[in-house]
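Asks: Okay, here's the structure, questions in a sec.
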Amino acid sequence: MTIVDYLHIGRSVISPSQAEEKFKLWLRRRDQSKFGVHVSVIFNSKTAEVQSIQLNETDR
(Lines give C-alpha, C1' and ligand atoms only; values in the text may rest on other atoms or scores of the structure.)
Protein backbone atom coordinates (compact mmCIF):
# COMPACT_ATOMS: atom_id res chain seq x y z
CA MET A 1 0.00 0.00 0.00
CA THR A 2 1.23 3.50 -0.79
CA ILE A 3 0.12 6.97 0.27
CA VAL A 4 -1.22 8.86 -2.75
CA ASP A 5 -2.08 12.10 -0.96
CA TYR A 6 -2.85 13.45 2.50
CA LEU A 7 -4.54 16.38 4.19
CA HIS A 8 -3.65 17.73 7.62
CA ILE A 9 -7.06 18.59 9.08
CA GLY A 10 -5.72 20.23 12.21
CA ARG A 11 -4.74 20.05 15.86
CA SER A 12 -7.09 20.12 18.84
CA VAL A 13 -6.00 20.74 22.42
CA ILE A 14 -7.62 18.16 24.70
CA SER A 15 -5.95 19.26 27.94
CA PRO A 16 -2.83 21.26 28.93
CA SER A 17 -0.69 18.17 28.29
CA GLN A 18 -2.69 16.33 25.63
CA ALA A 19 -3.44 17.15 21.99
CA GLU A 20 -4.92 15.46 18.93
CA GLU A 21 -3.77 15.72 15.31
CA LYS A 22 -6.18 14.71 12.55
CA PHE A 23 -5.31 13.71 8.99
CA LYS A 24 -7.00 12.25 5.95
CA LEU A 25 -4.91 9.89 3.83
CA TRP A 26 -5.64 8.57 0.33
CA LEU A 27 -4.05 5.14 -0.10
CA ARG A 28 -3.51 2.92 -3.13
CA ARG A 29 -3.75 -0.86 -2.82
CA ARG A 30 -1.62 -3.23 -4.88
CA ASP A 31 -4.57 -3.73 -7.24
CA GLN A 32 -4.43 0.07 -7.87
CA SER A 33 -7.78 0.79 -6.16
CA LYS A 34 -7.82 3.82 -3.86
CA PHE A 35 -9.54 4.52 -0.56
CA GLY A 36 -9.49 7.13 2.18
CA VAL A 37 -8.55 6.82 5.83
CA HIS A 38 -9.23 9.31 8.62
CA VAL A 39 -6.38 9.22 11.15
CA SER A 40 -6.50 10.60 14.68
CA VAL A 41 -3.30 10.72 16.74
CA ILE A 42 -3.58 11.60 20.43
CA PHE A 43 -0.29 12.46 22.10
CA ASN A 44 1.31 14.11 25.10
CA SER A 45 1.98 17.65 23.89
CA LYS A 46 4.84 18.15 26.36
CA THR A 47 6.81 14.95 25.55
CA ALA A 48 5.41 14.11 22.07
CA GLU A 49 4.72 10.55 23.28
CA VAL A 50 1.94 8.98 21.21
CA GLN A 51 -0.91 7.73 23.37
CA SER A 52 -3.28 6.39 20.71
CA ILE A 53 -3.81 6.17 16.96
CA GLN A 54 -7.24 5.60 15.48
CA LEU A 55 -7.91 4.75 11.82
CA ASN A 56 -11.31 4.80 10.11
CA GLU A 57 -11.75 3.93 6.45
CA THR A 58 -13.91 6.28 4.39
CA ASP A 59 -15.15 6.31 0.82
CA ARG A 60 -14.81 10.09 0.53
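Naming scheme: A, B, ... for chains in displayed order of the C-alpha coordinates; residues 1 onward per chain; ligands 1 onward as shown.
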Step one, run DSSP on the backbone; step two, keep only residues of chain A assigned to strand (DSSP E); then write them as an mmCIF file with all heavy atoms, in the first residue's frame.
Replies:
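Generated file (part_0.cif):
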```cif
data_model
loop_
_atom_site.group_PDB
_atom_site.id
_atom_site.type_symbol
_atom_site.label_atom_id
_atom_site.label_comp_id
_atom_site.auth_asym_id
_atom_site.auth_seq_id
_atom_site.Cartn_x
_atom_site.Cartn_y
_atom_site.Cartn_z
ATOM 1 N N THR A 2 0.468 2.247 -0.756
ATOM 2 C CA THR A 2 1.228 3.497 -0.792
ATOM 3 C C THR A 2 0.307 4.674 -0.522
ATOM 4 O O THR A 2 -0.890 4.625 -0.818
ATOM 5 C CB THR A 2 1.907 3.705 -2.161
ATOM 6 O OG1 THR A 2 0.912 3.720 -3.176
ATOM 7 C CG2 THR A 2 2.921 2.622 -2.450
ATOM 8 N N ILE A 3 0.875 5.734 0.032
ATOM 9 C CA ILE A 3 0.125 6.967 0.269
ATOM 10 C C ILE A 3 0.128 7.759 -1.030
ATOM 11 O O ILE A 3 1.180 8.071 -1.582
ATOM 12 C CB ILE A 3 0.744 7.782 1.413
ATOM 13 C CG1 ILE A 3 0.690 6.996 2.721
ATOM 14 C CG2 ILE A 3 0.028 9.119 1.556
ATOM 15 C CD1 ILE A 3 1.415 7.659 3.874
ATOM 16 N N VAL A 4 -1.066 8.085 -1.525
ATOM 17 C CA VAL A 4 -1.218 8.859 -2.746
ATOM 18 C C VAL A 4 -1.234 10.348 -2.419
ATOM 19 O O VAL A 4 -0.616 11.160 -3.097
ATOM 20 C CB VAL A 4 -2.524 8.465 -3.475
ATOM 21 C CG1 VAL A 4 -2.745 9.327 -4.699
ATOM 22 C CG2 VAL A 4 -2.501 6.992 -3.843
ATOM 23 N N ASP A 5 -1.951 10.705 -1.354
ATOM 24 C CA ASP A 5 -2.081 12.103 -0.959
ATOM 25 C C ASP A 5 -2.513 12.152 0.508
ATOM 26 O O ASP A 5 -2.963 11.143 1.052
ATOM 27 C CB ASP A 5 -3.126 12.797 -1.824
ATOM 28 C CG ASP A 5 -3.004 14.314 -1.823
ATOM 29 O OD1 ASP A 5 -2.069 14.851 -1.184
ATOM 30 O OD2 ASP A 5 -3.848 14.977 -2.452
ATOM 31 N N TYR A 6 -2.373 13.304 1.124
ATOM 32 C CA TYR A 6 -2.847 13.446 2.498
ATOM 33 C C TYR A 6 -3.270 14.884 2.744
ATOM 34 O O TYR A 6 -2.881 15.805 2.021
ATOM 35 C CB TYR A 6 -1.784 13.031 3.519
ATOM 36 C CG TYR A 6 -0.668 14.029 3.684
ATOM 37 C CD1 TYR A 6 -0.714 14.987 4.685
ATOM 38 C CD2 TYR A 6 0.428 14.019 2.834
ATOM 39 C CE1 TYR A 6 0.303 15.917 4.841
ATOM 40 C CE2 TYR A 6 1.446 14.938 2.975
ATOM 41 C CZ TYR A 6 1.376 15.879 3.979
ATOM 42 O OH TYR A 6 2.371 16.796 4.123
ATOM 43 N N LEU A 7 -4.094 15.069 3.761
ATOM 44 C CA LEU A 7 -4.536 16.381 4.187
ATOM 45 C C LEU A 7 -4.400 16.462 5.696
ATOM 46 O O LEU A 7 -4.882 15.579 6.414
ATOM 47 C CB LEU A 7 -6.013 16.584 3.800
ATOM 48 C CG LEU A 7 -6.692 17.842 4.349
ATOM 49 C CD1 LEU A 7 -6.081 19.092 3.735
ATOM 50 C CD2 LEU A 7 -8.184 17.777 4.071
ATOM 51 N N HIS A 8 -3.720 17.489 6.178
ATOM 52 C CA HIS A 8 -3.652 17.732 7.622
ATOM 53 C C HIS A 8 -4.893 18.529 7.978
ATOM 54 O O HIS A 8 -5.051 19.684 7.559
ATOM 55 C CB HIS A 8 -2.387 18.500 7.988
ATOM 56 C CG HIS A 8 -2.302 18.816 9.442
ATOM 57 N ND1 HIS A 8 -2.342 20.108 9.911
ATOM 58 C CD2 HIS A 8 -2.197 18.025 10.531
ATOM 59 C CE1 HIS A 8 -2.249 20.095 11.230
ATOM 60 N NE2 HIS A 8 -2.172 18.841 11.633
ATOM 61 N N ILE A 9 -5.802 17.939 8.725
ATOM 62 C CA ILE A 9 -7.059 18.591 9.079
ATOM 63 C C ILE A 9 -6.841 19.608 10.190
ATOM 64 O O ILE A 9 -7.407 20.690 10.160
ATOM 65 C CB ILE A 9 -8.122 17.538 9.474
ATOM 66 C CG1 ILE A 9 -8.404 16.654 8.256
ATOM 67 C CG2 ILE A 9 -9.388 18.203 9.987
ATOM 68 C CD1 ILE A 9 -9.248 15.443 8.555
ATOM 69 N N GLY A 10 -6.009 19.258 11.164
ATOM 70 C CA GLY A 10 -5.715 20.228 12.211
ATOM 71 C C GLY A 10 -5.399 19.594 13.547
ATOM 72 O O GLY A 10 -5.439 18.385 13.718
ATOM 73 N N ARG A 11 -5.083 20.462 14.493
ATOM 74 C CA ARG A 11 -4.743 20.052 15.856
ATOM 75 C C ARG A 11 -5.797 20.580 16.809
ATOM 76 O O ARG A 11 -6.241 21.711 16.694
ATOM 77 C CB ARG A 11 -3.378 20.606 16.264
ATOM 78 C CG ARG A 11 -2.998 20.248 17.712
ATOM 79 C CD ARG A 11 -1.691 20.862 18.126
ATOM 80 N NE ARG A 11 -0.595 20.103 17.537
ATOM 81 C CZ ARG A 11 0.630 20.086 18.010
ATOM 82 N NH1 ARG A 11 0.962 20.787 19.061
ATOM 83 N NH2 ARG A 11 1.558 19.379 17.411
ATOM 84 N N SER A 12 -6.167 19.731 17.769
ATOM 85 C CA SER A 12 -7.086 20.115 18.839
ATOM 86 C C SER A 12 -6.383 19.919 20.169
ATOM 87 O O SER A 12 -5.702 18.916 20.365
ATOM 88 C CB SER A 12 -8.337 19.236 18.834
ATOM 89 O OG SER A 12 -8.998 19.320 17.605
ATOM 90 N N VAL A 13 -6.553 20.868 21.072
ATOM 91 C CA VAL A 13 -6.002 20.739 22.420
ATOM 92 C C VAL A 13 -7.062 20.055 23.274
ATOM 93 O O VAL A 13 -8.187 20.535 23.392
ATOM 94 C CB VAL A 13 -5.623 22.110 23.004
ATOM 95 C CG1 VAL A 13 -5.153 21.969 24.442
ATOM 96 C CG2 VAL A 13 -4.555 22.762 22.156
ATOM 97 N N ILE A 14 -6.706 18.917 23.853
ATOM 98 C CA ILE A 14 -7.621 18.157 24.700
ATOM 99 C C ILE A 14 -7.489 18.601 26.151
ATOM 100 O O ILE A 14 -8.479 18.750 26.859
ATOM 101 C CB ILE A 14 -7.365 16.645 24.557
ATOM 102 C CG1 ILE A 14 -7.617 16.229 23.103
ATOM 103 C CG2 ILE A 14 -8.219 15.851 25.521
ATOM 104 C CD1 ILE A 14 -7.188 14.816 22.783
ATOM 105 N N SER A 15 -6.255 18.792 26.579
ATOM 106 C CA SER A 15 -5.952 19.261 27.936
ATOM 107 C C SER A 15 -4.600 19.975 27.875
ATOM 108 O O SER A 15 -3.962 19.975 26.823
ATOM 109 C CB SER A 15 -5.909 18.071 28.908
ATOM 110 O OG SER A 15 -4.754 17.299 28.700
ATOM 111 N N GLN A 18 -2.240 17.318 26.612
ATOM 112 C CA GLN A 18 -2.687 16.334 25.628
ATOM 113 C C GLN A 18 -3.297 17.046 24.416
ATOM 114 O O GLN A 18 -4.062 17.995 24.557
ATOM 115 C CB GLN A 18 -3.719 15.402 26.260
ATOM 116 C CG GLN A 18 -3.999 14.159 25.463
ATOM 117 C CD GLN A 18 -4.944 13.231 26.199
ATOM 118 O OE1 GLN A 18 -5.965 13.668 26.721
ATOM 119 N NE2 GLN A 18 -4.596 11.964 26.261
ATOM 120 N N ALA A 19 -2.930 16.564 23.220
ATOM 121 C CA ALA A 19 -3.444 17.148 21.987
ATOM 122 C C ALA A 19 -3.773 16.035 20.996
ATOM 123 O O ALA A 19 -3.345 14.892 21.152
ATOM 124 C CB ALA A 19 -2.422 18.107 21.392
ATOM 125 N N GLU A 20 -4.529 16.406 19.969
ATOM 126 C CA GLU A 20 -4.925 15.460 18.929
ATOM 127 C C GLU A 20 -4.637 16.080 17.572
ATOM 128 O O GLU A 20 -4.998 17.228 17.314
ATOM 129 C CB GLU A 20 -6.407 15.142 19.047
ATOM 130 C CG GLU A 20 -6.941 14.244 17.964
ATOM 131 C CD GLU A 20 -8.429 13.995 18.095
ATOM 132 O OE1 GLU A 20 -9.159 14.903 18.559
ATOM 133 O OE2 GLU A 20 -8.860 12.898 17.729
ATOM 134 N N GLU A 21 -3.990 15.328 16.703
ATOM 135 C CA GLU A 21 -3.767 15.717 15.311
ATOM 136 C C GLU A 21 -4.661 14.845 14.444
ATOM 137 O O GLU A 21 -4.755 13.635 14.664
ATOM 138 C CB GLU A 21 -2.307 15.495 14.889
ATOM 139 C CG GLU A 21 -1.310 16.407 15.546
ATOM 140 C CD GLU A 21 -1.240 17.796 14.935
ATOM 141 O OE1 GLU A 21 -1.951 18.105 13.960
ATOM 142 O OE2 GLU A 21 -0.457 18.599 15.474
ATOM 143 N N LYS A 22 -5.317 15.464 13.448
ATOM 144 C CA LYS A 22 -6.181 14.713 12.548
ATOM 145 C C LYS A 22 -5.689 14.869 11.114
ATOM 146 O O LYS A 22 -5.293 15.965 10.708
ATOM 147 C CB LYS A 22 -7.620 15.196 12.656
ATOM 148 C CG LYS A 22 -8.266 14.830 13.967
ATOM 149 C CD LYS A 22 -9.731 15.213 13.964
ATOM 150 C CE LYS A 22 -10.388 14.817 15.271
ATOM 151 N NZ LYS A 22 -11.824 15.131 15.268
ATOM 152 N N PHE A 23 -5.739 13.756 10.380
ATOM 153 C CA PHE A 23 -5.313 13.706 8.989
ATOM 154 C C PHE A 23 -6.312 12.907 8.179
ATOM 155 O O PHE A 23 -7.037 12.073 8.716
ATOM 156 C CB PHE A 23 -3.953 12.986 8.853
ATOM 157 C CG PHE A 23 -2.854 13.610 9.625
ATOM 158 C CD1 PHE A 23 -2.617 13.254 10.941
ATOM 159 C CD2 PHE A 23 -2.034 14.565 9.040
ATOM 160 C CE1 PHE A 23 -1.586 13.822 11.662
ATOM 161 C CE2 PHE A 23 -0.994 15.144 9.761
ATOM 162 C CZ PHE A 23 -0.772 14.767 11.074
ATOM 163 N N LYS A 24 -6.308 13.132 6.872
ATOM 164 C CA LYS A 24 -7.001 12.248 5.947
ATOM 165 C C LYS A 24 -5.962 11.789 4.938
ATOM 166 O O LYS A 24 -5.241 12.604 4.359
ATOM 167 C CB LYS A 24 -8.139 12.948 5.235
ATOM 168 C CG LYS A 24 -8.857 11.979 4.292
ATOM 169 C CD LYS A 24 -10.140 12.541 3.781
ATOM 170 C CE LYS A 24 -10.814 11.489 2.917
ATOM 171 N NZ LYS A 24 -12.024 12.019 2.304
ATOM 172 N N LEU A 25 -5.855 10.474 4.775
ATOM 173 C CA LEU A 25 -4.912 9.886 3.825
ATOM 174 C C LEU A 25 -5.677 9.239 2.681
ATOM 175 O O LEU A 25 -6.726 8.634 2.908
ATOM 176 C CB LEU A 25 -4.057 8.803 4.494
ATOM 177 C CG LEU A 25 -3.255 9.178 5.731
ATOM 178 C CD1 LEU A 25 -2.541 7.952 6.270
ATOM 179 C CD2 LEU A 25 -2.272 10.263 5.426
ATOM 180 N N TRP A 26 -5.157 9.349 1.467
ATOM 181 C CA TRP A 26 -5.639 8.571 0.329
ATOM 182 C C TRP A 26 -4.576 7.530 0.047
ATOM 183 O O TRP A 26 -3.404 7.861 -0.164
ATOM 184 C CB TRP A 26 -5.867 9.459 -0.895
ATOM 185 C CG TRP A 26 -7.152 10.204 -0.790
ATOM 186 C CD1 TRP A 26 -7.315 11.515 -0.479
ATOM 187 C CD2 TRP A 26 -8.460 9.664 -0.930
ATOM 188 N NE1 TRP A 26 -8.648 11.821 -0.420
ATOM 189 C CE2 TRP A 26 -9.378 10.712 -0.703
ATOM 190 C CE3 TRP A 26 -8.956 8.396 -1.238
ATOM 191 C CZ2 TRP A 26 -10.754 10.521 -0.779
ATOM 192 C CZ3 TRP A 26 -10.327 8.225 -1.307
ATOM 193 C CH2 TRP A 26 -11.208 9.279 -1.081
ATOM 194 N N LEU A 27 -4.980 6.266 0.073
ATOM 195 C CA LEU A 27 -4.052 5.144 -0.097
ATOM 196 C C LEU A 27 -4.373 4.369 -1.363
ATOM 197 O O LEU A 27 -5.523 4.305 -1.792
ATOM 198 C CB LEU A 27 -4.147 4.205 1.111
ATOM 199 C CG LEU A 27 -3.939 4.851 2.480
ATOM 200 C CD1 LEU A 27 -4.203 3.836 3.580
ATOM 201 C CD2 LEU A 27 -2.547 5.415 2.608
ATOM 202 N N ARG A 28 -3.337 3.760 -1.949
ATOM 203 C CA ARG A 28 -3.515 2.916 -3.133
ATOM 204 C C ARG A 28 -3.120 1.491 -2.777
ATOM 205 O O ARG A 28 -2.018 1.251 -2.276
ATOM 206 C CB ARG A 28 -2.657 3.404 -4.291
ATOM 207 C CG ARG A 28 -2.811 2.547 -5.540
ATOM 208 C CD ARG A 28 -1.951 3.005 -6.703
ATOM 209 N NE ARG A 28 -2.330 4.337 -7.117
ATOM 210 C CZ ARG A 28 -1.472 5.341 -7.254
ATOM 211 N NH1 ARG A 28 -0.197 5.175 -6.993
ATOM 212 N NH2 ARG A 28 -1.889 6.520 -7.636
ATOM 213 N N LYS A 34 -8.137 2.801 -4.865
ATOM 214 C CA LYS A 34 -7.820 3.819 -3.862
ATOM 215 C C LYS A 34 -8.930 3.895 -2.825
ATOM 216 O O LYS A 34 -10.084 3.600 -3.115
ATOM 217 C CB LYS A 34 -7.670 5.189 -4.520
ATOM 218 C CG LYS A 34 -6.504 5.280 -5.471
ATOM 219 C CD LYS A 34 -6.461 6.648 -6.112
ATOM 220 C CE LYS A 34 -5.396 6.716 -7.176
ATOM 221 N NZ LYS A 34 -5.418 8.000 -7.897
ATOM 222 N N PHE A 35 -8.557 4.303 -1.622
ATOM 223 C CA PHE A 35 -9.537 4.516 -0.562
ATOM 224 C C PHE A 35 -8.985 5.530 0.427
ATOM 225 O O PHE A 35 -7.787 5.786 0.480
ATOM 226 C CB PHE A 35 -9.905 3.195 0.133
ATOM 227 C CG PHE A 35 -8.782 2.564 0.910
ATOM 228 C CD1 PHE A 35 -8.734 2.685 2.288
ATOM 229 C CD2 PHE A 35 -7.790 1.857 0.268
ATOM 230 C CE1 PHE A 35 -7.701 2.101 3.011
ATOM 231 C CE2 PHE A 35 -6.759 1.273 0.979
ATOM 232 C CZ PHE A 35 -6.712 1.397 2.351
ATOM 233 N N GLY A 36 -9.881 6.118 1.213
ATOM 234 C CA GLY A 36 -9.489 7.134 2.178
ATOM 235 C C GLY A 36 -9.481 6.582 3.589
ATOM 236 O O GLY A 36 -10.219 5.652 3.921
ATOM 237 N N VAL A 37 -8.641 7.181 4.427
ATOM 238 C CA VAL A 37 -8.552 6.815 5.834
ATOM 239 C C VAL A 37 -8.467 8.103 6.657
ATOM 240 O O VAL A 37 -7.644 8.965 6.363
ATOM 241 C CB VAL A 37 -7.301 5.942 6.118
ATOM 242 C CG1 VAL A 37 -7.184 5.627 7.593
ATOM 243 C CG2 VAL A 37 -7.317 4.679 5.300
ATOM 244 N N HIS A 38 -9.336 8.219 7.645
ATOM 245 C CA HIS A 38 -9.226 9.305 8.620
ATOM 246 C C HIS A 38 -8.331 8.801 9.746
ATOM 247 O O HIS A 38 -8.528 7.699 10.252
ATOM 248 C CB HIS A 38 -10.602 9.664 9.197
ATOM 249 C CG HIS A 38 -11.463 10.406 8.232
ATOM 250 N ND1 HIS A 38 -11.345 11.754 8.006
ATOM 251 C CD2 HIS A 38 -12.456 9.990 7.420
ATOM 252 C CE1 HIS A 38 -12.224 12.132 7.119
ATOM 253 N NE2 HIS A 38 -12.920 11.073 6.732
ATOM 254 N N VAL A 39 -7.336 9.604 10.120
ATOM 255 C CA VAL A 39 -6.376 9.222 11.152
ATOM 256 C C VAL A 39 -6.429 10.251 12.278
ATOM 257 O O VAL A 39 -6.375 11.456 12.022
ATOM 258 C CB VAL A 39 -4.937 9.153 10.584
ATOM 259 C CG1 VAL A 39 -3.952 8.745 11.660
ATOM 260 C CG2 VAL A 39 -4.867 8.229 9.381
ATOM 261 N N SER A 40 -6.531 9.749 13.491
ATOM 262 C CA SER A 40 -6.502 10.599 14.679
ATOM 263 C C SER A 40 -5.356 10.126 15.567
ATOM 264 O O SER A 40 -5.295 8.949 15.923
ATOM 265 C CB SER A 40 -7.828 10.482 15.439
ATOM 266 O OG SER A 40 -7.724 11.102 16.692
ATOM 267 N N VAL A 41 -4.448 11.038 15.889
ATOM 268 C CA VAL A 41 -3.297 10.717 16.739
ATOM 269 C C VAL A 41 -3.403 11.565 18.006
ATOM 270 O O VAL A 41 -3.359 12.794 17.941
ATOM 271 C CB VAL A 41 -1.963 11.002 16.028
ATOM 272 C CG1 VAL A 41 -0.785 10.647 16.929
ATOM 273 C CG2 VAL A 41 -1.881 10.267 14.699
ATOM 274 N N ILE A 42 -3.555 10.905 19.146
ATOM 275 C CA ILE A 42 -3.581 11.600 20.434
ATOM 276 C C ILE A 42 -2.216 11.412 21.082
ATOM 277 O O ILE A 42 -1.690 10.296 21.123
ATOM 278 C CB ILE A 42 -4.713 11.065 21.334
ATOM 279 C CG1 ILE A 42 -6.067 11.366 20.666
ATOM 280 C CG2 ILE A 42 -4.632 11.687 22.727
ATOM 281 C CD1 ILE A 42 -7.258 10.820 21.402
ATOM 282 N N PHE A 43 -1.648 12.520 21.564
ATOM 283 C CA PHE A 43 -0.289 12.465 22.102
ATOM 284 C C PHE A 43 -0.119 13.447 23.255
ATOM 285 O O PHE A 43 -0.903 14.372 23.415
ATOM 286 C CB PHE A 43 0.737 12.752 21.000
ATOM 287 C CG PHE A 43 0.603 14.119 20.400
ATOM 288 C CD1 PHE A 43 1.413 15.157 20.831
ATOM 289 C CD2 PHE A 43 -0.334 14.376 19.416
ATOM 290 C CE1 PHE A 43 1.288 16.423 20.293
ATOM 291 C CE2 PHE A 43 -0.464 15.635 18.864
ATOM 292 C CZ PHE A 43 0.353 16.656 19.302
ATOM 293 N N ASN A 44 0.926 13.209 24.024
ATOM 294 C CA ASN A 44 1.309 14.108 25.099
ATOM 295 C C ASN A 44 2.010 15.289 24.445
ATOM 296 O O ASN A 44 3.061 15.137 23.826
ATOM 297 C CB ASN A 44 2.233 13.397 26.095
ATOM 298 C CG ASN A 44 2.617 14.283 27.256
ATOM 299 O OD1 ASN A 44 3.059 15.408 27.072
ATOM 300 N ND2 ASN A 44 2.459 13.758 28.458
ATOM 301 N N VAL A 50 3.233 9.359 21.782
ATOM 302 C CA VAL A 50 1.940 8.981 21.205
ATOM 303 C C VAL A 50 1.184 8.119 22.202
ATOM 304 O O VAL A 50 1.723 7.151 22.745
ATOM 305 C CB VAL A 50 2.143 8.229 19.871
ATOM 306 C CG1 VAL A 50 0.816 7.706 19.347
ATOM 307 C CG2 VAL A 50 2.806 9.134 18.848
ATOM 308 N N GLN A 51 -0.076 8.472 22.430
ATOM 309 C CA GLN A 51 -0.906 7.734 23.372
ATOM 310 C C GLN A 51 -1.898 6.823 22.655
ATOM 311 O O GLN A 51 -2.224 5.759 23.160
ATOM 312 C CB GLN A 51 -1.625 8.705 24.299
ATOM 313 C CG GLN A 51 -0.650 9.476 25.153
ATOM 314 C CD GLN A 51 -1.290 10.593 25.948
ATOM 315 O OE1 GLN A 51 -2.381 11.068 25.633
ATOM 316 N NE2 GLN A 51 -0.612 11.021 26.992
ATOM 317 N N SER A 52 -2.380 7.254 21.489
ATOM 318 C CA SER A 52 -3.278 6.387 20.706
ATOM 319 C C SER A 52 -3.323 6.848 19.266
ATOM 320 O O SER A 52 -3.113 8.030 18.973
ATOM 321 C CB SER A 52 -4.678 6.335 21.304
ATOM 322 O OG SER A 52 -5.347 7.558 21.068
ATOM 323 N N ILE A 53 -3.612 5.901 18.383
ATOM 324 C CA ILE A 53 -3.811 6.170 16.964
ATOM 325 C C ILE A 53 -5.095 5.454 16.565
ATOM 326 O O ILE A 53 -5.252 4.269 16.828
ATOM 327 C CB ILE A 53 -2.643 5.667 16.102
ATOM 328 C CG1 ILE A 53 -1.351 6.356 16.522
ATOM 329 C CG2 ILE A 53 -2.923 5.890 14.618
ATOM 330 C CD1 ILE A 53 -0.112 5.800 15.845
ATOM 331 N N GLN A 54 -5.997 6.199 15.928
ATOM 332 C CA GLN A 54 -7.243 5.604 15.481
ATOM 333 C C GLN A 54 -7.364 5.801 13.981
ATOM 334 O O GLN A 54 -7.122 6.890 13.472
ATOM 335 C CB GLN A 54 -8.426 6.252 16.196
ATOM 336 C CG GLN A 54 -9.742 5.632 15.847
ATOM 337 C CD GLN A 54 -10.896 6.240 16.643
ATOM 338 O OE1 GLN A 54 -10.750 7.269 17.282
ATOM 339 N NE2 GLN A 54 -12.032 5.590 16.591
ATOM 340 N N LEU A 55 -7.735 4.720 13.274
ATOM 341 C CA LEU A 55 -7.905 4.750 11.820
ATOM 342 C C LEU A 55 -9.335 4.371 11.490
ATOM 343 O O LEU A 55 -9.856 3.387 12.033
ATOM 344 C CB LEU A 55 -6.966 3.756 11.143
ATOM 345 C CG LEU A 55 -5.484 3.878 11.469
ATOM 346 C CD1 LEU A 55 -4.745 2.663 10.970
ATOM 347 C CD2 LEU A 55 -4.925 5.128 10.837
ATOM 348 N N ASN A 56 -9.960 5.125 10.580
ATOM 349 C CA ASN A 56 -11.314 4.804 10.112
ATOM 350 C C ASN A 56 -11.346 4.963 8.597
ATOM 351 O O ASN A 56 -11.081 6.051 8.079
ATOM 352 C CB ASN A 56 -12.355 5.736 10.747
ATOM 353 C CG ASN A 56 -12.483 5.530 12.227
ATOM 354 O OD1 ASN A 56 -12.695 4.424 12.680
ATOM 355 N ND2 ASN A 56 -12.344 6.600 12.989
ATOM 356 N N GLU A 57 -11.674 3.886 7.900
ATOM 357 C CA GLU A 57 -11.747 3.932 6.449
ATOM 358 C C GLU A 57 -12.969 4.737 6.024
ATOM 359 O O GLU A 57 -14.022 4.678 6.661
ATOM 360 C CB GLU A 57 -11.838 2.508 5.898
ATOM 361 C CG GLU A 57 -11.722 2.464 4.391
ATOM 362 C CD GLU A 57 -11.626 1.066 3.831
ATOM 363 O OE1 GLU A 57 -11.251 0.134 4.587
ATOM 364 O OE2 GLU A 57 -11.940 0.895 2.635
ATOM 365 N N THR A 58 -12.831 5.473 4.930
ATOM 366 C CA THR A 58 -13.913 6.278 4.389
ATOM 367 C C THR A 58 -13.920 6.149 2.876
ATOM 368 O O THR A 58 -12.898 5.871 2.266
ATOM 369 C CB THR A 58 -13.769 7.756 4.805
ATOM 370 O OG1 THR A 58 -14.864 8.491 4.257
ATOM 371 C CG2 THR A 58 -12.473 8.364 4.352
#
```
